[in-house]
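Structure data (compact mmCIF, C-alpha atoms and all ligand atoms) from query.txt:
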# COMPACT_ATOMS: atom_id res chain seq x y z
CA MET A 1 -124.33 206.82 -109.62
CA HIS A 2 -124.31 203.52 -111.49
CA GLY A 3 -123.33 202.94 -115.09
CA THR A 4 -126.71 201.63 -116.29
CA ASN A 5 -130.32 201.37 -115.07
CA ILE A 6 -129.88 197.63 -114.52
CA LEU A 7 -126.83 198.22 -112.31
CA ALA A 8 -128.82 200.78 -110.31
CA GLU A 9 -131.74 198.36 -109.90
CA ALA A 10 -129.39 195.51 -108.93
CA ASN A 11 -127.81 197.79 -106.32
CA ARG A 12 -131.26 198.62 -104.90
CA GLN A 13 -132.30 194.98 -104.60
CA ILE A 14 -128.96 193.67 -103.34
CA THR A 15 -128.91 196.39 -100.67
CA ILE A 16 -132.31 195.14 -99.45
CA CYS A 17 -130.99 191.55 -99.44
CA ASN A 18 -127.92 192.65 -97.52
CA ALA A 19 -130.18 193.98 -94.75
CA CYS A 20 -132.46 190.94 -94.83
CA ARG A 21 -129.93 188.07 -95.30
CA TYR A 22 -132.63 185.41 -95.12
CA CYS A 23 -131.13 183.60 -98.14
CA GLU A 24 -127.55 183.44 -96.94
CA ASN A 25 -127.28 179.64 -97.19
CA LEU A 26 -128.71 179.26 -100.68
CA CYS A 27 -125.68 179.87 -102.89
CA ALA A 28 -122.39 181.79 -103.25
CA VAL A 29 -124.08 185.11 -104.12
CA PHE A 30 -125.28 185.86 -100.58
CA PRO A 31 -122.04 185.14 -98.64
CA ALA A 32 -120.16 187.24 -101.24
CA MET A 33 -122.73 190.02 -100.86
CA GLU A 34 -122.47 189.94 -97.07
CA GLN A 35 -118.78 190.80 -97.21
CA ARG A 36 -119.72 194.19 -98.66
CA ARG A 37 -121.50 197.22 -97.30
CA VAL A 38 -121.55 199.12 -100.60
CA PHE A 39 -121.79 197.76 -104.13
CA SER A 40 -119.68 199.18 -106.93
CA ASP A 41 -120.68 198.36 -110.51
CA ASP A 42 -117.82 195.86 -110.66
CA SER A 43 -118.88 194.04 -107.49
CA LEU A 44 -122.45 193.82 -108.83
CA ASP A 45 -121.07 192.22 -112.02
CA TYR A 46 -119.20 189.78 -109.79
CA LEU A 47 -122.37 188.80 -107.88
CA ALA A 48 -124.32 188.48 -111.15
CA ASN A 49 -121.77 185.99 -112.49
CA LEU A 50 -121.93 183.90 -109.31
CA CYS A 51 -125.68 183.40 -109.80
CA HIS A 52 -126.99 180.25 -111.55
CA ASN A 53 -130.56 181.61 -111.90
CA CYS A 54 -131.86 178.63 -109.89
CA GLY A 55 -134.81 180.66 -108.58
CA ALA A 56 -134.54 179.44 -104.97
CA CYS A 57 -134.16 182.94 -103.49
CA TYR A 58 -137.28 184.10 -105.32
CA GLU A 59 -139.27 181.22 -103.86
CA ALA A 60 -137.97 182.06 -100.39
CA CYS A 61 -138.47 185.81 -100.59
CA GLN A 62 -141.18 187.70 -98.71
CA TYR A 63 -140.47 190.89 -100.67
CA ILE A 64 -141.29 189.75 -104.21
CA PRO A 65 -143.97 191.72 -106.13
CA PRO A 66 -146.62 192.86 -105.25
CA HIS A 67 -144.61 193.91 -102.18
CA ASP A 68 -143.38 197.49 -102.58
CA PHE A 69 -139.76 196.31 -102.42
CA ALA A 70 -140.39 194.30 -105.63
CA VAL A 71 -137.35 192.07 -105.09
CA ASN A 72 -136.59 189.61 -107.91
CA VAL A 73 -132.92 188.71 -107.53
CA PRO A 74 -132.76 185.95 -110.21
CA LYS A 75 -134.16 188.28 -112.86
CA VAL A 76 -132.11 191.36 -112.08
CA LEU A 77 -128.90 189.32 -111.84
CA ALA A 78 -129.73 187.55 -115.16
CA GLU A 79 -130.17 190.93 -116.84
CA LEU A 80 -126.98 192.23 -115.29
CA ARG A 81 -125.06 189.09 -116.29
CA SER A 82 -125.98 189.56 -119.97
CA GLU A 83 -125.00 193.22 -119.74
CA SER A 84 -121.66 192.32 -118.11
CA TYR A 85 -120.66 190.01 -121.02
CA ALA A 86 -120.72 193.01 -123.37
CA ARG A 87 -119.02 195.29 -120.82
CA TYR A 88 -115.83 193.20 -120.69
CA ALA A 89 -115.81 192.02 -124.34
CA TRP A 90 -112.53 192.26 -126.26
CA PRO A 91 -112.11 194.01 -128.62
CA HIS A 92 -114.79 196.28 -127.21
CA GLY A 93 -115.93 197.30 -130.71
CA LEU A 94 -117.40 193.77 -131.12
CA ALA A 95 -119.49 194.00 -127.91
CA PRO A 96 -122.69 194.83 -129.92
CA LEU A 97 -122.55 191.22 -131.22
CA PHE A 98 -124.07 190.21 -127.87
CA ARG A 99 -127.23 192.04 -128.95
CA ARG A 100 -129.48 190.03 -131.29
CA ASN A 101 -126.96 187.26 -130.77
CA GLY A 102 -129.24 184.47 -132.03
CA LEU A 103 -129.44 186.20 -135.42
CA VAL A 104 -125.67 186.84 -135.48
CA VAL A 105 -124.94 183.16 -134.77
CA ALA A 106 -127.46 181.90 -137.35
CA LEU A 107 -126.10 184.19 -140.07
CA THR A 108 -122.50 183.28 -139.24
CA ALA A 109 -123.34 179.56 -139.47
CA ALA A 110 -125.15 179.98 -142.80
CA VAL A 111 -122.26 181.97 -144.30
CA ALA A 112 -119.69 179.49 -142.96
CA VAL A 113 -121.51 176.46 -144.43
CA ALA A 114 -121.80 178.26 -147.80
CA PHE A 115 -118.09 179.14 -147.53
CA PHE A 116 -117.08 175.49 -147.05
CA ILE A 117 -119.33 174.24 -149.86
CA GLY A 118 -117.88 176.95 -152.12
CA GLY A 119 -114.37 176.12 -150.91
CA PHE A 120 -114.73 172.41 -151.69
CA VAL A 121 -115.91 173.23 -155.21
CA ALA A 122 -113.23 175.90 -155.74
CA LEU A 123 -110.44 173.60 -154.56
CA GLY A 124 -111.69 170.61 -156.55
CA ASP A 125 -114.78 170.61 -158.76
CA ALA A 126 -118.56 170.42 -158.25
CA THR A 127 -118.64 166.62 -158.56
CA VAL A 128 -116.34 166.22 -155.54
CA LEU A 129 -119.24 167.22 -153.27
CA PHE A 130 -121.28 164.16 -154.25
CA ALA A 131 -118.58 161.58 -154.88
CA ALA A 132 -117.89 158.85 -152.33
CA GLN A 133 -114.43 159.23 -150.78
CA THR A 134 -112.95 156.47 -148.64
CA GLY A 135 -109.70 155.50 -146.93
CA PRO A 136 -107.11 157.54 -145.02
CA GLY A 137 -107.04 161.19 -146.12
CA ALA A 138 -110.57 161.04 -147.63
CA PHE A 139 -111.56 164.34 -145.97
CA TYR A 140 -108.50 166.10 -147.35
CA ARG A 141 -109.47 165.30 -150.92
CA LEU A 142 -112.22 167.92 -150.45
CA MET A 143 -110.06 170.46 -148.64
CA PRO A 144 -106.29 170.11 -148.06
CA HIS A 145 -105.26 169.53 -144.45
CA GLU A 146 -103.07 172.67 -144.50
CA VAL A 147 -106.07 174.85 -145.46
CA MET A 148 -108.19 173.34 -142.67
CA VAL A 149 -105.40 173.88 -140.14
CA LEU A 150 -104.96 177.49 -141.25
CA LEU A 151 -108.70 178.24 -141.03
CA PHE A 152 -109.45 176.47 -137.76
CA GLY A 153 -106.11 177.30 -136.13
CA GLY A 154 -106.66 180.98 -136.96
CA VAL A 155 -110.23 181.17 -135.66
CA PHE A 156 -109.38 179.12 -132.57
CA ALA A 157 -106.39 181.35 -131.73
CA PHE A 158 -108.58 184.45 -132.11
CA ALA A 159 -111.29 182.97 -129.86
CA ILE A 160 -108.74 182.09 -127.16
CA LEU A 161 -107.16 185.55 -127.32
CA ALA A 162 -110.53 187.36 -127.18
CA LEU A 163 -111.73 185.19 -124.27
CA ALA A 164 -108.45 185.61 -122.36
CA MET A 165 -108.51 189.39 -122.75
CA SER A 166 -112.18 189.60 -121.70
CA VAL A 167 -111.65 187.42 -118.64
CA ARG A 168 -108.53 189.40 -117.73
CA SER A 169 -110.57 192.67 -117.67
CA PHE A 170 -113.27 191.01 -115.57
CA TRP A 171 -110.71 189.57 -113.14
CA HIS A 172 -109.07 192.96 -112.58
CA ALA A 173 -112.45 194.71 -112.27
CA ILE A 174 -113.65 192.36 -109.52
CA GLY A 175 -110.45 192.82 -107.55
CA GLY A 176 -108.83 189.44 -108.20
CA GLY A 177 -105.51 189.01 -106.40
CA PRO A 178 -102.62 186.53 -106.55
CA LEU A 179 -103.90 182.97 -107.05
CA THR A 180 -103.22 179.96 -104.88
CA MET A 181 -103.74 176.31 -105.81
CA SER A 182 -106.48 176.01 -103.19
CA ASP A 183 -108.43 178.90 -104.83
CA ILE A 184 -108.26 177.15 -108.19
CA ARG A 185 -109.11 173.77 -106.65
CA ASP A 186 -112.14 175.17 -104.75
CA ALA A 187 -113.44 177.04 -107.79
CA GLY A 188 -112.74 174.08 -110.11
CA ARG A 189 -114.70 171.72 -107.85
CA ALA A 190 -117.67 174.12 -107.62
CA ALA A 191 -117.66 174.69 -111.40
CA ALA A 192 -117.25 171.01 -112.30
CA THR A 193 -120.11 169.89 -110.02
CA LEU A 194 -122.33 173.01 -110.41
CA HIS A 195 -122.31 173.06 -106.63
CA TYR A 196 -124.28 176.30 -106.27
CA LEU A 197 -127.03 175.31 -108.70
CA ASP A 198 -128.89 173.40 -106.01
CA GLY A 199 -130.41 176.46 -104.34
CA GLY A 200 -129.27 175.38 -100.87
CA GLY A 201 -130.47 171.80 -101.42
CA GLY A 202 -133.90 172.37 -102.96
CA GLY A 203 -132.61 172.12 -106.52
CA CYS A 204 -133.11 174.34 -109.53
CA LEU A 205 -136.74 175.37 -109.71
CA ASN A 206 -138.95 175.30 -112.75
CA GLU A 207 -142.28 177.04 -113.21
CA GLU A 208 -144.05 174.61 -110.87
CA ALA A 209 -141.33 175.11 -108.24
CA ARG A 210 -140.08 171.50 -108.56
CA PRO A 211 -136.41 170.59 -108.86
CA ASP A 212 -135.64 170.03 -112.53
CA ASP A 213 -132.90 168.19 -114.42
CA ARG A 214 -130.87 171.24 -115.36
CA ARG A 215 -127.72 170.05 -113.61
CA PHE A 216 -127.79 166.64 -115.37
CA PHE A 217 -128.27 168.18 -118.82
CA HIS A 218 -125.64 170.84 -118.12
CA HIS A 219 -123.18 168.08 -117.19
CA CYS A 220 -124.04 166.18 -120.43
CA THR A 221 -123.38 169.37 -122.41
CA PHE A 222 -120.19 170.41 -120.63
CA TYR A 223 -118.54 166.99 -120.48
CA GLY A 224 -119.77 166.17 -124.00
CA PHE A 225 -118.01 169.31 -125.23
CA VAL A 226 -114.83 168.42 -123.32
CA LEU A 227 -114.76 164.89 -124.83
CA CYS A 228 -115.34 166.22 -128.36
CA PHE A 229 -112.53 168.71 -127.84
CA ALA A 230 -110.28 165.89 -126.56
CA SER A 231 -111.17 163.85 -129.67
CA THR A 232 -110.17 166.71 -132.01
CA SER A 233 -106.95 167.35 -130.06
CA LEU A 234 -106.01 163.65 -130.19
CA ALA A 235 -106.68 163.59 -133.95
CA THR A 236 -104.28 166.54 -134.35
CA VAL A 237 -101.58 164.65 -132.42
CA LEU A 238 -102.10 161.45 -134.46
CA HIS A 239 -102.00 163.39 -137.74
CA ASN A 240 -98.94 165.51 -137.00
CA GLY A 241 -97.06 163.22 -134.64
CA PHE A 242 -97.70 159.80 -136.22
CA GLY A 243 -98.85 160.55 -139.77
CA TRP A 244 -102.18 158.73 -139.19
CA HIS A 245 -104.76 160.50 -141.34
CA ALA A 246 -108.53 160.75 -140.72
CA PRO A 247 -111.04 159.22 -141.11
CA TYR A 248 -110.21 156.74 -138.34
CA SER A 249 -111.73 153.34 -137.67
CA TRP A 250 -114.67 152.96 -135.27
CA TYR A 251 -112.53 151.61 -132.44
CA ASN A 252 -109.90 154.39 -132.62
CA PRO A 253 -109.90 156.51 -129.38
CA VAL A 254 -110.50 159.62 -131.54
CA VAL A 255 -113.80 158.16 -132.75
CA LEU A 256 -114.80 156.67 -129.38
CA LEU A 257 -114.24 160.00 -127.60
CA GLY A 258 -116.17 161.74 -130.38
CA ILE A 259 -119.11 159.32 -130.12
CA ILE A 260 -119.43 159.57 -126.33
CA GLY A 261 -118.94 163.35 -126.36
CA GLY A 262 -121.29 163.71 -129.33
CA LEU A 263 -124.05 161.81 -127.51
CA GLY A 264 -123.60 164.15 -124.52
CA LEU A 265 -123.93 167.11 -126.88
CA LEU A 266 -127.06 165.62 -128.43
CA ILE A 267 -128.80 164.95 -125.11
CA GLY A 268 -127.57 167.92 -123.03
CA PRO A 269 -128.62 170.87 -125.22
CA LEU A 270 -132.04 169.31 -125.88
CA GLY A 271 -132.61 168.88 -122.13
CA LEU A 272 -131.44 172.42 -121.42
CA LEU A 273 -133.77 173.79 -124.12
CA ARG A 274 -136.65 171.93 -122.49
CA ALA A 275 -135.63 173.16 -119.01
CA LYS A 276 -135.56 176.68 -120.44
CA GLU A 277 -139.13 176.25 -121.68
CA ASN A 278 -140.24 175.14 -118.20
CA HIS A 279 -138.32 177.86 -116.37
CA ASP A 280 -140.43 180.75 -115.08
CA PRO A 281 -139.93 183.54 -117.69
CA GLY A 282 -140.43 186.06 -114.88
CA LEU A 283 -137.03 185.03 -113.45
CA SER A 284 -135.04 185.26 -116.69
CA ASP A 285 -133.62 187.91 -118.98
CA ALA A 286 -135.98 187.85 -121.98
CA ARG A 287 -133.45 189.72 -124.14
CA ALA A 288 -130.86 186.93 -123.67
CA ARG A 289 -133.16 184.21 -124.99
CA GLY A 290 -131.87 184.38 -128.57
CA MET A 291 -128.27 184.13 -127.36
CA GLU A 292 -129.00 181.15 -125.09
CA VAL A 293 -131.11 179.22 -127.60
CA GLY A 294 -128.69 180.00 -130.45
CA PHE A 295 -125.75 178.60 -128.50
CA LEU A 296 -127.58 175.39 -127.53
CA VAL A 297 -128.78 174.85 -131.10
CA MET A 298 -125.23 175.32 -132.42
CA LEU A 299 -123.86 172.77 -129.95
CA TRP A 300 -126.58 170.31 -130.94
CA LEU A 301 -125.91 170.86 -134.65
CA THR A 302 -122.17 170.35 -134.11
CA SER A 303 -122.87 166.96 -132.60
CA ALA A 304 -125.65 165.94 -135.01
CA THR A 305 -123.62 166.78 -138.14
CA GLY A 306 -120.51 165.13 -136.66
CA LEU A 307 -122.31 161.88 -135.83
CA LEU A 308 -124.09 161.82 -139.19
CA LEU A 309 -120.73 162.32 -140.90
CA LEU A 310 -119.36 159.38 -138.94
CA VAL A 311 -122.23 157.11 -140.02
CA LEU A 312 -122.35 158.23 -143.67
CA ARG A 313 -118.69 159.00 -144.33
CA ALA A 314 -118.28 156.22 -146.90
CA THR A 315 -121.29 157.37 -148.96
CA PRO A 316 -121.75 160.17 -151.54
CA MET A 317 -123.29 162.25 -148.68
CA MET A 318 -119.84 162.73 -147.14
CA GLY A 319 -118.96 165.98 -148.99
CA VAL A 320 -122.14 167.84 -148.05
CA LEU A 321 -122.06 166.57 -144.46
CA LEU A 322 -118.40 167.55 -144.07
CA ALA A 323 -119.20 171.09 -145.33
CA LEU A 324 -122.15 171.29 -142.90
CA HIS A 325 -120.09 170.03 -139.95
CA LEU A 326 -117.06 172.22 -140.64
CA GLY A 327 -119.29 175.26 -141.27
CA VAL A 328 -121.14 174.83 -137.97
CA VAL A 329 -117.92 174.22 -136.00
CA PHE A 330 -116.21 177.20 -137.65
CA ALA A 331 -119.17 179.50 -136.82
CA LEU A 332 -119.27 178.13 -133.26
CA PHE A 333 -115.56 178.93 -132.73
CA LEU A 334 -115.89 182.36 -134.34
CA THR A 335 -118.83 183.36 -132.12
CA PHE A 336 -117.48 181.78 -128.91
CA PRO A 337 -116.23 185.11 -127.41
CA TYR A 338 -119.50 186.93 -128.23
CA GLY A 339 -122.20 184.50 -127.11
CA LYS A 340 -123.38 182.32 -124.27
CA PHE A 341 -120.13 180.32 -124.27
CA VAL A 342 -118.51 183.12 -122.22
CA HIS A 343 -120.73 182.36 -119.23
CA GLY A 344 -118.55 179.42 -118.19
CA PHE A 345 -115.44 181.60 -118.15
CA TYR A 346 -117.01 184.47 -116.22
CA ARG A 347 -118.68 182.11 -113.72
CA SER A 348 -115.42 180.22 -113.14
CA THR A 349 -113.54 183.50 -112.69
CA ALA A 350 -116.14 184.70 -110.18
CA LEU A 351 -115.84 181.37 -108.33
CA VAL A 352 -112.06 181.77 -108.08
CA ARG A 353 -112.60 185.26 -106.64
CA PHE A 354 -115.18 183.80 -104.22
CA ALA A 355 -112.63 181.19 -103.08
CA GLN A 356 -110.11 184.00 -102.52
CA GLU A 357 -112.64 185.97 -100.49
CA LYS A 358 -113.35 182.94 -98.30
CA ARG A 359 -109.61 182.75 -97.60
CA THR A 360 -109.04 186.52 -97.28
CA PRO A 361 -112.31 188.34 -96.59
CA VAL A 362 -113.02 191.72 -98.16
CA THR A 363 -111.86 194.42 -95.71
CA VAL A 364 -113.36 197.68 -94.49
CA SER A 365 -110.87 199.55 -96.68
CA ASP A 366 -111.97 197.50 -99.75
CA ASN A 367 -115.51 198.62 -99.04
CA ALA A 368 -114.33 202.24 -98.72
CA GLU A 369 -112.51 201.83 -102.06
CA SER A 370 -115.73 200.55 -103.63
CA GLN A 371 -117.54 203.57 -102.27
CA ARG A 372 -114.93 205.88 -103.84
CA ASN A 373 -115.21 204.06 -107.20
CA ARG A 374 -118.95 204.48 -107.11
CA ARG A 375 -118.81 208.26 -106.86
S1 LIG A 401 -134.14 187.48 -101.81
FE1 LIG A 401 -135.67 188.29 -100.40
S2 LIG A 401 -135.64 186.90 -98.64
FE2 LIG A 401 -133.77 186.53 -99.80
S3 LIG A 401 -132.23 187.86 -98.84
FE3 LIG A 401 -133.13 188.99 -100.58
S4 LIG A 401 -134.77 190.20 -99.64
FE4 LIG A 401 -134.24 188.58 -98.18
S1 LIG A 402 -128.05 181.15 -107.60
FE1 LIG A 402 -130.25 180.86 -107.12
S2 LIG A 402 -130.42 181.39 -104.93
FE2 LIG A 402 -128.48 182.24 -105.68
S3 LIG A 402 -128.94 184.36 -106.27
FE3 LIG A 402 -129.08 183.09 -108.10
S4 LIG A 402 -131.24 182.54 -108.24
FE4 LIG A 402 -130.89 183.26 -106.13
As structure tokens, how would this structure be written, given the file I've shared?
Amino acid sequence: MHGTNILAEANRQITICNACRYCENLCAVFPAMEQRRVFSDDSLDYLANLCHNCGACYEACQYIPPHDFAVNVPKVLAELRSESYARYAWPHGLAPLFRRNGLVVALTAAVAVAFFIGGFVALGDATVLFAAQTGPGAFYRLMPHEVMVLLFGGVFAFAILALAMSVRSFWHAIGGGPLTMSDIRDAGRAAATLHYLDGGGGGCLNEEARPDDRRFFHHCTFYGFVLCFASTSLATVLHNGFGWHAPYSWYNPVVLLGIIGGLGLLIGPLGLLRAKENHDPGLSDARARGMEVGFLVMLWLTSATGLLLLVLRATPMMGVLLALHLGVVFALFLTFPYGKFVHGFYRSTALVRFAQEKRTPVTVSDNAESQRNRR
């Protein structure tokens, strides 16, 4: 017995694949599958989080519909992946936030922006929103630095805790053992280069079965986010360690990192949204669309409002733009553990487990244990 209908269907299809094995060179899913003779719910979650939904196995498969076997591995693993995010969510009472996630994210952003506009007015007066503020500490004339630190420090700490607890459950469920540096290095390299997105060399396939630019736009998004995060972290060090208060000059490394990262976050999410439009809907999880689009739009808005704030920070627009930017970033942090952001953590965790299994293959007794868990 499996926990859900999707798990049961994934088990049916993966069992067919495990007999066929035609796709064994396409990605990490098939070698991981081939180490198993039976598939517990946890091992199916593991396989689902190794899959990049590139579509290559669907193109290669002789058992896709209308064949009676009706194999569609990208779709069933996409559906299972979305389901797995809620299964390991911490605290589990917040797992329903993964449902109708686009709406949850949009509402959170709207409330957060209203909260910051209201906060600026409450802490100063209504005119402060439309008055030009310049020089060091200009941002903190709208909201004191201590209040910002309390708000963002609190929401960031919660997001880290929730993500860590979720990943910990997933890691234990998929049988993760003691880590070695080579496991982390292997998984880190595969995650940083999206090694398994290339479908065995053919590339990620769009509706016309041509390689698309998904890897490039994913890199823009991921590394753009990393650079923006580095910019914020450096600003924290400069503020607390050296007493240098934002806004900073154009040539300050905080601003340069923010500009380069911000451009990545402008280009990447737009490209991924376009790739999503071109991707065959028959290979995706239709119910996850709101979550995926909502996350990309939030990343784009974070960058767009941040760059606009940089350009217009010496004008009367600064107050409204700061409220918009802080509201979007606050909502993004708050919804991190209950939206598409988690996919990077689960995929990386699955890749570490895959590196472990390459080093120490799953044994006959592990398979017997899986069988026992399944009953
Ligand atoms: S996807 Fe199709 S061709 Fe590939 S291993 Fe599975 S059953 Fe075989
Ligand atoms: S990564 Fe691509 S080839 Fe591998 S299972 Fe997923 S869709 Fe199929």
Show me which residues sit within 7 Å of ligand LIG 402 (chain A) when counting all atoms listed in the file, and put them as an mmCIF file with C-alpha atoms, in the coordinates of the input.
data_model
loop_
_atom_site.group_PDB
_atom_site.id
_atom_site.type_symbol
_atom_site.label_atom_id
_atom_site.label_comp_id
_atom_site.auth_asym_id
_atom_site.auth_seq_id
_atom_site.Cartn_x
_atom_site.Cartn_y
_atom_site.Cartn_z
ATOM 1 C CA LEU A 26 -128.710 179.260 -100.680
ATOM 2 C CA CYS A 27 -125.680 179.870 -102.890
ATOM 3 C CA ALA A 28 -122.390 181.790 -103.250
ATOM 4 C CA VAL A 29 -124.080 185.110 -104.120
ATOM 5 C CA PHE A 30 -125.280 185.860 -100.580
ATOM 6 C CA LEU A 50 -121.930 183.900 -109.310
ATOM 7 C CA CYS A 51 -125.680 183.400 -109.800
ATOM 8 C CA HIS A 52 -126.990 180.250 -111.550
ATOM 9 C CA ASN A 53 -130.560 181.610 -111.900
ATOM 10 C CA CYS A 54 -131.860 178.630 -109.890
ATOM 11 C CA GLY A 55 -134.810 180.660 -108.580
ATOM 12 C CA ALA A 56 -134.540 179.440 -104.970
ATOM 13 C CA CYS A 57 -134.160 182.940 -103.490
ATOM 14 C CA TYR A 58 -137.280 184.100 -105.320
ATOM 15 C CA VAL A 73 -132.920 188.710 -107.530
ATOM 16 C CA PRO A 74 -132.760 185.950 -110.210
ATOM 17 C CA TYR A 196 -124.280 176.300 -106.270
ATOM 18 C CA LEU A 197 -127.030 175.310 -108.700
ATOM 19 C CA GLY A 199 -130.410 176.460 -104.340
#
Please measure the separation of CA of Asn11 (chain A) and CA of Arg37 (chain A), giving the value in Å to one decimal.
11.0 Å
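Where the distance criterion is 8 Å and the atoms used are only C-alpha atoms and all ligand atoms, the residues close to ligand LIG 401 (chain A) are Gln13, Ile14, Ile16, Cys17, Asn18, Ala19, Cys20, Arg21, Tyr22, Cys23, Glu24, Phe30, Cys57, Tyr58, Ala60, Cys61, Gln62, Tyr63, Ile64, Val71, Asn72 and Val73 of chain A.
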Which residue gives the smallest distance to His145 (chain A) among A:Arg185, A:Thr221, A:His245, A:Thr180, with only C-alpha atoms counted?
A:His245
Best match for closeness to Leu227 (chain A) among A:His239, A:Val352, A:Leu273, A:Ser303, counting all atoms listed in the file
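Of all the options, A:Ser303 lies closest to Leu227 (chain A).
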Skip Val329 (chain A) itself and residues of its chain fewer than 4 positions away, then list as a PyMOL selection string all residues within 7 Å of it, counting all atoms listed in the file.
chain A and resi 302+325+333
Compile the contact shell of region 130-137 of chain A as a PDB file with C-alpha atoms, keeping the file's coordinate frame: residues with an atom at most 10 Å away, counting only C-alpha atoms, same-chain residues fewer than 2 positions apart removed.
ATOM      1  CA  ALA A 126    -118.560 170.420-158.250  1.00  0.00           C
ATOM      2  CA  THR A 127    -118.640 166.620-158.560  1.00  0.00           C
ATOM      3  CA  VAL A 128    -116.340 166.220-155.540  1.00  0.00           C
ATOM      4  CA  PHE A 139    -111.560 164.340-145.970  1.00  0.00           C
ATOM      5  CA  TYR A 140    -108.500 166.100-147.350  1.00  0.00           C
ATOM      6  CA  ARG A 141    -109.470 165.300-150.920  1.00  0.00           C
ATOM      7  CA  LEU A 142    -112.220 167.920-150.450  1.00  0.00           C
ATOM      8  CA  PRO A 144    -106.290 170.110-148.060  1.00  0.00           C
ATOM      9  CA  HIS A 145    -105.260 169.530-144.450  1.00  0.00           C
ATOM     10  CA  TRP A 244    -102.180 158.730-139.190  1.00  0.00           C
ATOM     11  CA  HIS A 245    -104.760 160.500-141.340  1.00  0.00           C
ATOM     12  CA  ALA A 246    -108.530 160.750-140.720  1.00  0.00           C
ATOM     13  CA  PRO A 247    -111.040 159.220-141.110  1.00  0.00           C
ATOM     14  CA  TYR A 248    -110.210 156.740-138.340  1.00  0.00           C
ATOM     15  CA  SER A 249    -111.730 153.340-137.670  1.00  0.00           C
ATOM     16  CA  LEU A 312    -122.350 158.230-143.670  1.00  0.00           C
ATOM     17  CA  ARG A 313    -118.690 159.000-144.330  1.00  0.00           C
ATOM     18  CA  ALA A 314    -118.280 156.220-146.900  1.00  0.00           C
ATOM     19  CA  THR A 315    -121.290 157.370-148.960  1.00  0.00           C
ATOM     20  CA  PRO A 316    -121.750 160.170-151.540  1.00  0.00           C
ATOM     21  CA  MET A 317    -123.290 162.250-148.680  1.00  0.00           C
ATOM     22  CA  MET A 318    -119.840 162.730-147.140  1.00  0.00           C
ATOM     23  CA  GLY A 319    -118.960 165.980-148.990  1.00  0.00           C
ATOM     24  CA  VAL A 320    -122.140 167.840-148.050  1.00  0.00           C
TER      25      VAL A 320
END
Could you tell me how far CA of Phe354 (chain A) lies from CA of Asp183 (chain A), in Å and to one decimal?
8.4 Å
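Residues in contact with Thr108 (chain A) at 10 Å, where only C-alpha atoms are counted and same-chain residues fewer than 5 positions away are skipped, are listed as Gly102, Leu103, Val113, Ala114, Gly327, Val328, Phe330, Ala331, Leu332, Leu334 and Thr335 of chain A.
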Grab the residues selected above and save them as an mmCIF file, keeping the file's coordinate frame with C-alpha atoms.
data_model
loop_
_atom_site.group_PDB
_atom_site.id
_atom_site.type_symbol
_atom_site.label_atom_id
_atom_site.label_comp_id
_atom_site.auth_asym_id
_atom_site.auth_seq_id
_atom_site.Cartn_x
_atom_site.Cartn_y
_atom_site.Cartn_z
ATOM 1 C CA GLY A 102 -129.240 184.470 -132.030
ATOM 2 C CA LEU A 103 -129.440 186.200 -135.420
ATOM 3 C CA VAL A 113 -121.510 176.460 -144.430
ATOM 4 C CA ALA A 114 -121.800 178.260 -147.800
ATOM 5 C CA GLY A 327 -119.290 175.260 -141.270
ATOM 6 C CA VAL A 328 -121.140 174.830 -137.970
ATOM 7 C CA PHE A 330 -116.210 177.200 -137.650
ATOM 8 C CA ALA A 331 -119.170 179.500 -136.820
ATOM 9 C CA LEU A 332 -119.270 178.130 -133.260
ATOM 10 C CA LEU A 334 -115.890 182.360 -134.340
ATOM 11 C CA THR A 335 -118.830 183.360 -132.120
#
Can you pull out the residues contacting Trp90 (chain A)? Cut-off 12 Å, using only C-alpha atoms, and skip same-chain residues under 6 positions away; I want them as a ChimeraX atom specification.
/A:96-98,158-170,336-338,342
As a PDB file with C-alpha atoms, keeping the file's coordinate frame, please: the residues near Gly175 (chain A) (cut-off 9 Å, only C-alpha atoms, same-chain neighbours under 6 positions excluded).
ATOM      1  CA  ASP A  42    -117.820 195.860-110.660  1.00  0.00           C
ATOM      2  CA  SER A  43    -118.880 194.040-107.490  1.00  0.00           C
ATOM      3  CA  ARG A 353    -112.600 185.260-106.640  1.00  0.00           C
TER       4      ARG A 353
END
Test item: which residues lie within 10 Å of (-116.4, 163.6, -127.8) counting only C-alpha atoms, as a ChimeraX atom specification:
/A:223-232,253-265,303,306
Report, in Å to a single decimal, how far apart CA of Phe156 (chain A) and CA of Trp250 (chain A) are.
26.8 Å
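The closest residue to Arg274 (chain A), picked from A:Leu296, A:His219, A:Leu47, A:Glu34 and counting all atoms listed in the file, is A:Leu296.
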A:Glu292, A:Gly339, A:Ala110, A:Pro269 ranked by distance to Leu94 (chain A), top pick (using all atoms listed in the file):
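Answer, going by the shortest atom-to-atom distance: A:Gly339.
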Counting only C-alpha atoms, figure out which residue out of A:Gly3, A:Leu322, A:Ile267, A:Phe295 gets nearest to Phe120 (chain A).
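Between A:Gly3, A:Leu322, A:Ile267, A:Phe295, the residue approaching Phe120 (chain A) most closely is A:Leu322.
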Between A:Met181, A:Ala122, A:Leu326, A:Ala192, which one has atoms that come closest to Gly344 (chain A), using all atoms listed in the file?
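The shortest atom-to-atom distance to Gly344 (chain A) comes from A:Ala192.
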